[in-house]
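> One structure is given below, represented as structure tokens, and several questions about it will come after.
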Amino acid sequence: APKKLWGGRFTGAVDPLMDAFNASIHFDRRMYAADIIGSIVYSKALAKNGIISEQERDLLIEGLEKVQDEWEKNTFQLKPGDEDIHTANERRLGELVGSVAGKLHTGRSRNDQVATDMRIWIREEATKVLAHVKELISVAVSRAERETDVIMPGYTHLQRAQPIRWSHLLLSYAWLWKADAERLSQYIERINYLPLGSGALAGHVFNIDRDFMAQELGFAGIIQNSLNAVSDRDFVAEFLFWASLTMVHISRFAEDLIIYSSGEFGFVQLADAYSTGSSLMPQKKNPDSLELLRGKSGRVFGDMSGFMMSYKGIPSTYNKDLQEDKEPLFDAVDTLSGSLQITSGVLSTLSINAEKMKASLSTDMLATDLAEYLVRKGVPFRETHHIAGAAVKLAEDRKCNMSDLSVQDLQGLHNAFAEDVSKVWNFETSIENRNTPGGTSKKTVLSQIDLLKSWLHAS
Ligand code: ARG
């Protein structure tokens with residue numbers, strides 16, 4: 001049986017099934033670069049304090065760089081006994097530089113090592129994911145800017161409510177994604193503290209310079225409590241929540257587009273690049289990309305809730321349950337990275353049917369405007385709501401459009417109606433009237449675009 005890093009006190013062999021059960025190398029190998037940079041800086045800190053000589057430090061660093069090279073060239077050979085990325089790298093380092101490799105782990109535990117690796121890893125991955133979020137915002141904003149003149153029905157309860165600009169709808173998602181981006185960049189700052197130098201749990205015995213290591217590794221500072229340093233996985237939980245909430249936004253956006261791409265709506269059509277056909281029905285063009293986005297949100301919530309279940313009952317400090325933090329985190333990073341890029345792709349290539357959107361507006365969607373007309377004539381809003389409601393009913397009874405009601409018809413409901421009521425029956429006017437900041441008028445939409453563009457520019 002291969003020699004275990006921790007085998008000193010063991011006489012019996014580990015059940016091979018247990019070996020496989022215990023191993024994390026098949027997933028934590030993707031943190032190899034974080035593990036190696038952590039070890040390089042740790043070697044420097046050991047030498048700085050005279051725990052190893054400068055010559056030994058250089059040997060270790062040279063060896064670690066070779067190990068890194070092997071991972072990068074895909075020539076690293078895993079061996080039985082490489083239970084995780086930490087043991088694998090140390091085993092290989094020993095083969096390359098000999099017994100000095102045994103000095104690297106002085107005062108260090110895999111407990112502070114793995115916590116450090118993960119923070120380095122997620123910090124970098126989160127930065128890449130953040131770039132995908134910003135790309136998506138910029139796709140939404142430039143589409144909104146190009147299509148400000150497109151108007152469509154706005155919905156509440158999926159019932160036809162009021163006319164809005166298509167751009168206003170797109171921007172409503174851009175604002176959500178901007179909040180996602182801000183949360184993620186705050187997250188990257190918040191978690192950027194170093195566990196290394198905490199030992200297994202109780203702290204480091206050789207007074208290693210933790211501030212030096214923090215600085216070398218790009219951390220803002222050190223984690224002040226060693227027990228906390230080795231067992232805190234809030235940075236995993238928080239990323240998973242971030243990912244879940246961002247997937248909520250993507251999923252709701254996907255749902256809007258799925259509805260709008262149905263034959264009954266026909267507002268949008270997905271590009272071929274993001275659709276698939278049916279193996280049986282030749283006419284089908286299915287929005288699979290959007291359905292997968294909606295479906296994958298469930299998967300990410302599973303990553304979060306699964307991890308929370310593993311995390312909640314763990315006593316102080318490190319326990320092997322914590323190894324279960326990696327697969328959900330990796331899965332969420334991969335899923336978010338893919339989903340954000342697909343969403344950008346779908347949105348930038350989608351075609352819209354502006355005529356269909358406009359043709360789907362009907363004058364009953366101006367009933368509120370009719371009430372507002374009376375408000376302008378001095379009638380209290382509560383009354384105007386009833387009167388406009390009666391007008392809706394009248395048109396419904398006559399099976400006509402609201403705009404077909406004559407001034408006389410309306411005057412039968414309230415004497416404040418005059419000839420100028422005909423101006424109410426205009427969708428653009430209704431939209432332009434909503435020009436208080438935040439509204440759907442052209443001016444307020446353009447100002448949102450300005451704000452988002454300058455944010456994108458500055459961030
Ligand atoms: N593979 C382990 C993990 O991911 C590394 C830490 C192991 N520590 C230990 N005391 N067994 O959590």
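Within each chain, counting starts at residue 1; across the structure tokens, chains are named A, B, ... in the order shown, with ligands numbered 1 upward in that order.
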Quick one: residues within 8 Å of A:Ser348, only C-alpha atoms, excluding same-chain residues fewer than 4 positions away - as a list in words?
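Skipping anything fewer than 4 positions along the chain leaves Val139, Ala140, Arg143 and Ser344 of chain A.
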> Hey, what's within 7 Å of stretch 213-219 of chain A if we count only C-alpha atoms and toss same-chain stuff fewer than 4 positions away? As a PDB file with C-alpha atoms, in the first residue's frame, please?

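So out00.pdb came out as:
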```
ATOM      1  CA  VAL A  41       4.946  31.867  -0.035  1.00  0.00           C
ATOM      2  CA  TYR A  42       4.980  29.547   2.960  1.00  0.00           C
ATOM      3  CA  ALA A  45       8.026  32.764   5.334  1.00  0.00           C
ATOM      4  CA  ASN A 192      -9.840  38.408   1.224  1.00  0.00           C
ATOM      5  CA  TYR A 193      -8.241  37.453   4.563  1.00  0.00           C
ATOM      6  CA  LEU A 194      -5.570  34.847   5.116  1.00  0.00           C
ATOM      7  CA  ASP A 209       5.136  36.191   9.703  1.00  0.00           C
TER       8      ASP A 209
END
```
> Contacts of A:Ala391 at 8 Å or less, counting only C-alpha atoms, minus same-chain residues fewer than 3 places along, as a list in words?
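My reading of the contact set: Ile387, Ala388, Leu394, Ala395, Met402, Leu410 and Leu413 of chain A.
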> I need the residues of stretch 138-245 of chain A that end up classed as helix (DSSP H, G or I) by DSSP on the backbone, written out as a PDB file with N, CA and C atoms, in the first residue's frame.

```
ATOM      1  N   SER A 138     -23.716  44.918 -20.097  1.00  0.00           N
ATOM      2  CA  SER A 138     -23.419  45.776 -21.241  1.00  0.00           C
ATOM      3  C   SER A 138     -24.199  45.331 -22.483  1.00  0.00           C
ATOM      4  N   VAL A 139     -24.444  44.020 -22.627  1.00  0.00           N
ATOM      5  CA  VAL A 139     -25.301  43.535 -23.724  1.00  0.00           C
ATOM      6  C   VAL A 139     -26.727  44.086 -23.549  1.00  0.00           C
ATOM      7  N   ALA A 140     -27.237  44.016 -22.331  1.00  0.00           N
ATOM      8  CA  ALA A 140     -28.609  44.483 -22.073  1.00  0.00           C
ATOM      9  C   ALA A 140     -28.725  45.985 -22.309  1.00  0.00           C
ATOM     10  N   VAL A 141     -27.712  46.723 -21.869  1.00  0.00           N
ATOM     11  CA  VAL A 141     -27.770  48.177 -21.999  1.00  0.00           C
ATOM     12  C   VAL A 141     -27.653  48.590 -23.472  1.00  0.00           C
ATOM     13  N   SER A 142     -26.784  47.953 -24.221  1.00  0.00           N
ATOM     14  CA  SER A 142     -26.659  48.407 -25.613  1.00  0.00           C
ATOM     15  C   SER A 142     -27.884  48.014 -26.434  1.00  0.00           C
ATOM     16  N   ARG A 143     -28.478  46.871 -26.092  1.00  0.00           N
ATOM     17  CA  ARG A 143     -29.729  46.501 -26.762  1.00  0.00           C
ATOM     18  C   ARG A 143     -30.838  47.507 -26.400  1.00  0.00           C
ATOM     19  N   ALA A 144     -30.902  47.867 -25.141  1.00  0.00           N
ATOM     20  CA  ALA A 144     -31.911  48.833 -24.685  1.00  0.00           C
ATOM     21  C   ALA A 144     -31.725  50.167 -25.409  1.00  0.00           C
ATOM     22  N   GLU A 145     -30.484  50.530 -25.607  1.00  0.00           N
ATOM     23  CA  GLU A 145     -30.202  51.809 -26.263  1.00  0.00           C
ATOM     24  C   GLU A 145     -30.620  51.794 -27.730  1.00  0.00           C
ATOM     25  N   ARG A 146     -30.409  50.676 -28.385  1.00  0.00           N
ATOM     26  CA  ARG A 146     -30.763  50.562 -29.809  1.00  0.00           C
ATOM     27  C   ARG A 146     -32.268  50.507 -30.020  1.00  0.00           C
ATOM     28  N   TRP A 166     -39.875  48.413 -24.380  1.00  0.00           N
ATOM     29  CA  TRP A 166     -39.093  47.163 -24.334  1.00  0.00           C
ATOM     30  C   TRP A 166     -37.767  47.422 -23.612  1.00  0.00           C
ATOM     31  N   SER A 167     -37.183  48.584 -23.869  1.00  0.00           N
ATOM     32  CA  SER A 167     -35.909  48.923 -23.220  1.00  0.00           C
ATOM     33  C   SER A 167     -36.057  49.000 -21.703  1.00  0.00           C
ATOM     34  N   HIS A 168     -37.201  49.508 -21.278  1.00  0.00           N
ATOM     35  CA  HIS A 168     -37.442  49.646 -19.837  1.00  0.00           C
ATOM     36  C   HIS A 168     -37.423  48.262 -19.180  1.00  0.00           C
ATOM     37  N   LEU A 169     -38.012  47.299 -19.877  1.00  0.00           N
ATOM     38  CA  LEU A 169     -38.018  45.926 -19.374  1.00  0.00           C
ATOM     39  C   LEU A 169     -36.595  45.372 -19.329  1.00  0.00           C
ATOM     40  N   LEU A 170     -35.853  45.537 -20.420  1.00  0.00           N
ATOM     41  CA  LEU A 170     -34.467  45.047 -20.439  1.00  0.00           C
ATOM     42  C   LEU A 170     -33.657  45.668 -19.307  1.00  0.00           C
ATOM     43  N   LEU A 171     -33.863  46.964 -19.113  1.00  0.00           N
ATOM     44  CA  LEU A 171     -33.090  47.656 -18.079  1.00  0.00           C
ATOM     45  C   LEU A 171     -33.474  47.194 -16.679  1.00  0.00           C
ATOM     46  N   SER A 172     -34.718  46.759 -16.521  1.00  0.00           N
ATOM     47  CA  SER A 172     -35.104  46.272 -15.190  1.00  0.00           C
ATOM     48  C   SER A 172     -34.214  45.089 -14.806  1.00  0.00           C
ATOM     49  N   TYR A 173     -33.855  44.285 -15.782  1.00  0.00           N
ATOM     50  CA  TYR A 173     -32.916  43.176 -15.507  1.00  0.00           C
ATOM     51  C   TYR A 173     -31.488  43.688 -15.357  1.00  0.00           C
ATOM     52  N   ALA A 174     -31.121  44.673 -16.174  1.00  0.00           N
ATOM     53  CA  ALA A 174     -29.758  45.220 -16.057  1.00  0.00           C
ATOM     54  C   ALA A 174     -29.501  45.739 -14.640  1.00  0.00           C
ATOM     55  N   TRP A 175     -30.531  46.354 -14.042  1.00  0.00           N
ATOM     56  CA  TRP A 175     -30.358  46.862 -12.666  1.00  0.00           C
ATOM     57  C   TRP A 175     -30.160  45.722 -11.675  1.00  0.00           C
ATOM     58  N   LEU A 176     -30.900  44.630 -11.880  1.00  0.00           N
ATOM     59  CA  LEU A 176     -30.697  43.472 -10.991  1.00  0.00           C
ATOM     60  C   LEU A 176     -29.271  42.944 -11.128  1.00  0.00           C
ATOM     61  N   TRP A 177     -28.814  42.861 -12.360  1.00  0.00           N
ATOM     62  CA  TRP A 177     -27.472  42.321 -12.592  1.00  0.00           C
ATOM     63  C   TRP A 177     -26.387  43.268 -12.077  1.00  0.00           C
ATOM     64  N   LYS A 178     -26.695  44.546 -12.102  1.00  0.00           N
ATOM     65  CA  LYS A 178     -25.730  45.498 -11.539  1.00  0.00           C
ATOM     66  C   LYS A 178     -25.618  45.263 -10.024  1.00  0.00           C
ATOM     67  N   ALA A 179     -26.747  45.044  -9.383  1.00  0.00           N
ATOM     68  CA  ALA A 179     -26.696  44.749  -7.940  1.00  0.00           C
ATOM     69  C   ALA A 179     -25.932  43.445  -7.700  1.00  0.00           C
ATOM     70  N   ASP A 180     -26.126  42.472  -8.579  1.00  0.00           N
ATOM     71  CA  ASP A 180     -25.368  41.209  -8.466  1.00  0.00           C
ATOM     72  C   ASP A 180     -23.871  41.473  -8.575  1.00  0.00           C
ATOM     73  N   ALA A 181     -23.513  42.313  -9.535  1.00  0.00           N
ATOM     74  CA  ALA A 181     -22.091  42.623  -9.752  1.00  0.00           C
ATOM     75  C   ALA A 181     -21.513  43.326  -8.530  1.00  0.00           C
ATOM     76  N   GLU A 182     -22.269  44.256  -7.992  1.00  0.00           N
ATOM     77  CA  GLU A 182     -21.775  44.979  -6.816  1.00  0.00           C
ATOM     78  C   GLU A 182     -21.613  44.047  -5.618  1.00  0.00           C
ATOM     79  N   ARG A 183     -22.612  43.183  -5.441  1.00  0.00           N
ATOM     80  CA  ARG A 183     -22.505  42.225  -4.334  1.00  0.00           C
ATOM     81  C   ARG A 183     -21.274  41.338  -4.500  1.00  0.00           C
ATOM     82  N   LEU A 184     -21.020  40.917  -5.731  1.00  0.00           N
ATOM     83  CA  LEU A 184     -19.886  40.016  -5.947  1.00  0.00           C
ATOM     84  C   LEU A 184     -18.556  40.727  -5.713  1.00  0.00           C
ATOM     85  N   SER A 185     -18.467  41.984  -6.122  1.00  0.00           N
ATOM     86  CA  SER A 185     -17.174  42.634  -5.885  1.00  0.00           C
ATOM     87  C   SER A 185     -16.980  42.948  -4.403  1.00  0.00           C
ATOM     88  N   GLN A 186     -18.074  43.238  -3.705  1.00  0.00           N
ATOM     89  CA  GLN A 186     -17.963  43.402  -2.250  1.00  0.00           C
ATOM     90  C   GLN A 186     -17.559  42.085  -1.588  1.00  0.00           C
ATOM     91  N   TYR A 187     -18.104  41.001  -2.117  1.00  0.00           N
ATOM     92  CA  TYR A 187     -17.769  39.668  -1.598  1.00  0.00           C
ATOM     93  C   TYR A 187     -16.268  39.399  -1.734  1.00  0.00           C
ATOM     94  N   ILE A 188     -15.742  39.702  -2.897  1.00  0.00           N
ATOM     95  CA  ILE A 188     -14.312  39.435  -3.135  1.00  0.00           C
ATOM     96  C   ILE A 188     -13.459  40.195  -2.112  1.00  0.00           C
ATOM     97  N   GLU A 189     -13.837  41.408  -1.820  1.00  0.00           N
ATOM     98  CA  GLU A 189     -13.123  42.197  -0.800  1.00  0.00           C
ATOM     99  C   GLU A 189     -13.280  41.570   0.588  1.00  0.00           C
ATOM    100  N   ARG A 190     -14.505  41.194   0.874  1.00  0.00           N
ATOM    101  CA  ARG A 190     -14.850  40.742   2.227  1.00  0.00           C
ATOM    102  C   ARG A 190     -14.116  39.468   2.631  1.00  0.00           C
ATOM    103  N   ARG A 210       2.761  36.144   9.448  1.00  0.00           N
ATOM    104  CA  ARG A 210       1.496  35.978   8.707  1.00  0.00           C
ATOM    105  C   ARG A 210       1.177  37.213   7.874  1.00  0.00           C
ATOM    106  N   ASP A 211       1.546  38.376   8.391  1.00  0.00           N
ATOM    107  CA  ASP A 211       1.276  39.593   7.612  1.00  0.00           C
ATOM    108  C   ASP A 211       2.083  39.580   6.311  1.00  0.00           C
ATOM    109  N   PHE A 212       3.315  39.091   6.426  1.00  0.00           N
ATOM    110  CA  PHE A 212       4.153  38.967   5.236  1.00  0.00           C
ATOM    111  C   PHE A 212       3.487  38.032   4.212  1.00  0.00           C
ATOM    112  N   MET A 213       2.989  36.880   4.700  1.00  0.00           N
ATOM    113  CA  MET A 213       2.344  35.927   3.787  1.00  0.00           C
ATOM    114  C   MET A 213       1.074  36.536   3.172  1.00  0.00           C
ATOM    115  N   ALA A 214       0.331  37.261   4.005  1.00  0.00           N
ATOM    116  CA  ALA A 214      -0.894  37.894   3.502  1.00  0.00           C
ATOM    117  C   ALA A 214      -0.555  38.847   2.359  1.00  0.00           C
ATOM    118  N   GLN A 215       0.468  39.628   2.589  1.00  0.00           N
ATOM    119  CA  GLN A 215       0.860  40.604   1.587  1.00  0.00           C
ATOM    120  C   GLN A 215       1.326  39.917   0.298  1.00  0.00           C
ATOM    121  N   GLU A 216       2.185  38.898   0.471  1.00  0.00           N
ATOM    122  CA  GLU A 216       2.710  38.168  -0.692  1.00  0.00           C
ATOM    123  C   GLU A 216       1.595  37.512  -1.506  1.00  0.00           C
ATOM    124  N   SER A 226      -7.265  31.518  15.012  1.00  0.00           N
ATOM    125  CA  SER A 226      -6.851  30.309  14.288  1.00  0.00           C
ATOM    126  C   SER A 226      -7.967  29.272  14.191  1.00  0.00           C
ATOM    127  N   LEU A 227      -8.796  29.168  15.236  1.00  0.00           N
ATOM    128  CA  LEU A 227      -9.908  28.206  15.205  1.00  0.00           C
ATOM    129  C   LEU A 227     -10.866  28.589  14.083  1.00  0.00           C
ATOM    130  N   ASN A 228     -11.139  29.893  14.017  1.00  0.00           N
ATOM    131  CA  ASN A 228     -12.002  30.430  12.979  1.00  0.00           C
ATOM    132  C   ASN A 228     -11.377  30.243  11.595  1.00  0.00           C
ATOM    133  N   ALA A 229     -10.072  30.478  11.520  1.00  0.00           N
ATOM    134  CA  ALA A 229      -9.380  30.420  10.221  1.00  0.00           C
ATOM    135  C   ALA A 229      -9.533  29.060   9.553  1.00  0.00           C
ATOM    136  N   VAL A 230      -9.432  27.990  10.328  1.00  0.00           N
ATOM    137  CA  VAL A 230      -9.468  26.656   9.713  1.00  0.00           C
ATOM    138  C   VAL A 230     -10.883  26.122   9.498  1.00  0.00           C
ATOM    139  N   SER A 231     -11.862  26.731  10.159  1.00  0.00           N
ATOM    140  CA  SER A 231     -13.199  26.132  10.057  1.00  0.00           C
ATOM    141  C   SER A 231     -14.246  27.032   9.409  1.00  0.00           C
ATOM    142  N   ASP A 234     -17.820  30.365   5.599  1.00  0.00           N
ATOM    143  CA  ASP A 234     -18.868  31.321   5.223  1.00  0.00           C
ATOM    144  C   ASP A 234     -18.625  31.858   3.818  1.00  0.00           C
ATOM    145  N   PHE A 235     -17.368  31.923   3.435  1.00  0.00           N
ATOM    146  CA  PHE A 235     -17.082  32.434   2.081  1.00  0.00           C
ATOM    147  C   PHE A 235     -17.595  31.481   1.007  1.00  0.00           C
ATOM    148  N   VAL A 236     -17.754  30.214   1.346  1.00  0.00           N
ATOM    149  CA  VAL A 236     -18.369  29.266   0.405  1.00  0.00           C
ATOM    150  C   VAL A 236     -19.884  29.493   0.398  1.00  0.00           C
ATOM    151  N   ALA A 237     -20.452  29.560   1.601  1.00  0.00           N
ATOM    152  CA  ALA A 237     -21.898  29.767   1.717  1.00  0.00           C
ATOM    153  C   ALA A 237     -22.320  31.054   1.016  1.00  0.00           C
ATOM    154  N   GLU A 238     -21.531  32.082   1.214  1.00  0.00           N
ATOM    155  CA  GLU A 238     -21.914  33.376   0.664  1.00  0.00           C
ATOM    156  C   GLU A 238     -21.827  33.370  -0.865  1.00  0.00           C
ATOM    157  N   PHE A 239     -20.815  32.721  -1.404  1.00  0.00           N
ATOM    158  CA  PHE A 239     -20.756  32.643  -2.867  1.00  0.00           C
ATOM    159  C   PHE A 239     -21.964  31.869  -3.385  1.00  0.00           C
ATOM    160  N   LEU A 240     -22.304  30.777  -2.693  1.00  0.00           N
ATOM    161  CA  LEU A 240     -23.433  29.959  -3.147  1.00  0.00           C
ATOM    162  C   LEU A 240     -24.746  30.736  -3.079  1.00  0.00           C
ATOM    163  N   PHE A 241     -24.893  31.573  -2.069  1.00  0.00           N
ATOM    164  CA  PHE A 241     -26.096  32.414  -2.024  1.00  0.00           C
ATOM    165  C   PHE A 241     -26.068  33.438  -3.156  1.00  0.00           C
ATOM    166  N   TRP A 242     -24.903  34.023  -3.348  1.00  0.00           N
ATOM    167  CA  TRP A 242     -24.780  34.985  -4.450  1.00  0.00           C
ATOM    168  C   TRP A 242     -25.170  34.321  -5.772  1.00  0.00           C
ATOM    169  N   ALA A 243     -24.626  33.132  -5.978  1.00  0.00           N
ATOM    170  CA  ALA A 243     -24.892  32.410  -7.227  1.00  0.00           C
ATOM    171  C   ALA A 243     -26.383  32.092  -7.348  1.00  0.00           C
ATOM    172  N   SER A 244     -27.004  31.716  -6.240  1.00  0.00           N
ATOM    173  CA  SER A 244     -28.426  31.375  -6.267  1.00  0.00           C
ATOM    174  C   SER A 244     -29.268  32.592  -6.642  1.00  0.00           C
ATOM    175  N   LEU A 245     -28.967  33.710  -6.020  1.00  0.00           N
ATOM    176  CA  LEU A 245     -29.760  34.912  -6.278  1.00  0.00           C
ATOM    177  C   LEU A 245     -29.566  35.382  -7.726  1.00  0.00           C
TER     178      LEU A 245
END
```
> Please identify every polymer residue within 10 Å of ligand 1, using only C-alpha atoms and all ligand atoms, and present the set as a ChimeraX atom specification.
/A:6,22-25,27-28,83-87,109-115,117-118,200-201,230-231,318-326
> Residues within 6 Å of stretch 328-335 of chain A, please, as a PyMOL selection string. Count only C-alpha atoms; anything in the same chain fewer than 4 positions from it doesn't count.
chain A and resi 300+303+339
> May I have the residues from that selection written out with C-alpha atoms, as an mmCIF file, in the first residue's frame?

```cif
data_model
loop_
_atom_site.group_PDB
_atom_site.id
_atom_site.type_symbol
_atom_site.label_atom_id
_atom_site.label_comp_id
_atom_site.auth_asym_id
_atom_site.auth_seq_id
_atom_site.Cartn_x
_atom_site.Cartn_y
_atom_site.Cartn_z
ATOM 1 C CA VAL A 300 -27.446 26.037 -7.999
ATOM 2 C CA ASP A 303 -25.522 23.449 -4.310
ATOM 3 C CA SER A 339 -25.211 30.559 -17.631
#
```
> Compile the contact shell of A:Thr106 as a list in words: residues with an atom at most 10 Å away, counting only C-alpha atoms, same-chain residues fewer than 2 positions apart removed.
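Contacts, with the query itself left out: Tyr42, Ser43, Leu46, Ile51, Ile52, Gly102, Lys103, Leu104, Arg108, Ser109, Gly199, His204, Val205 and Phe206 of chain A.
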> Rounded to one decimal, what separation in Å do you get between atom CA of A:Asp397 and atom CA of A:His385?
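Computing it gives 18.3 Å between the two atoms.
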> Please report, as a list of chain:residue names, each residue of stretch 168-405 of chain A to which DSSP assigns strand (DSSP E) when run on this structure's backbone.
A:Tyr193, A:Leu194, A:Gly221, A:Ile222, A:Val268, A:Gln269, A:Ser351, A:Ile352
> What is the atom CA of A:Leu257-atom CA of A:Leu290 distance in Å, reported with one decimal?
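Atom CA of A:Leu290 lies at a distance of 7.5 Å from atom CA of A:Leu257.
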> Quick one: of A:Gly7, A:Val14, A:Trp121, A:Ser99, who's nearest to A:Tyr32, counting only C-alpha atoms?
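Of all the options, A:Trp121 lies closest to A:Tyr32.
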> Ranking A:Arg119, A:Lys399, A:Arg434, A:Arg92 by minimum distance to A:Thr75 and counting only C-alpha atoms, which one comes first?
A:Arg92
> For atom CA of A:Gln159 and atom CA of A:Thr343, quote the distance in Å rounded to one decimal.
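Between atom CA of A:Gln159 and atom CA of A:Thr343 the gap is 25.5 Å.
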> Between A:Ser360, A:Ile191, A:Pro437, A:Lys4, single out the one closest to A:Ile122, counting only C-alpha atoms.
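Among A:Ser360, A:Ile191, A:Pro437, A:Lys4, it is A:Ile191 that comes nearest to A:Ile122.
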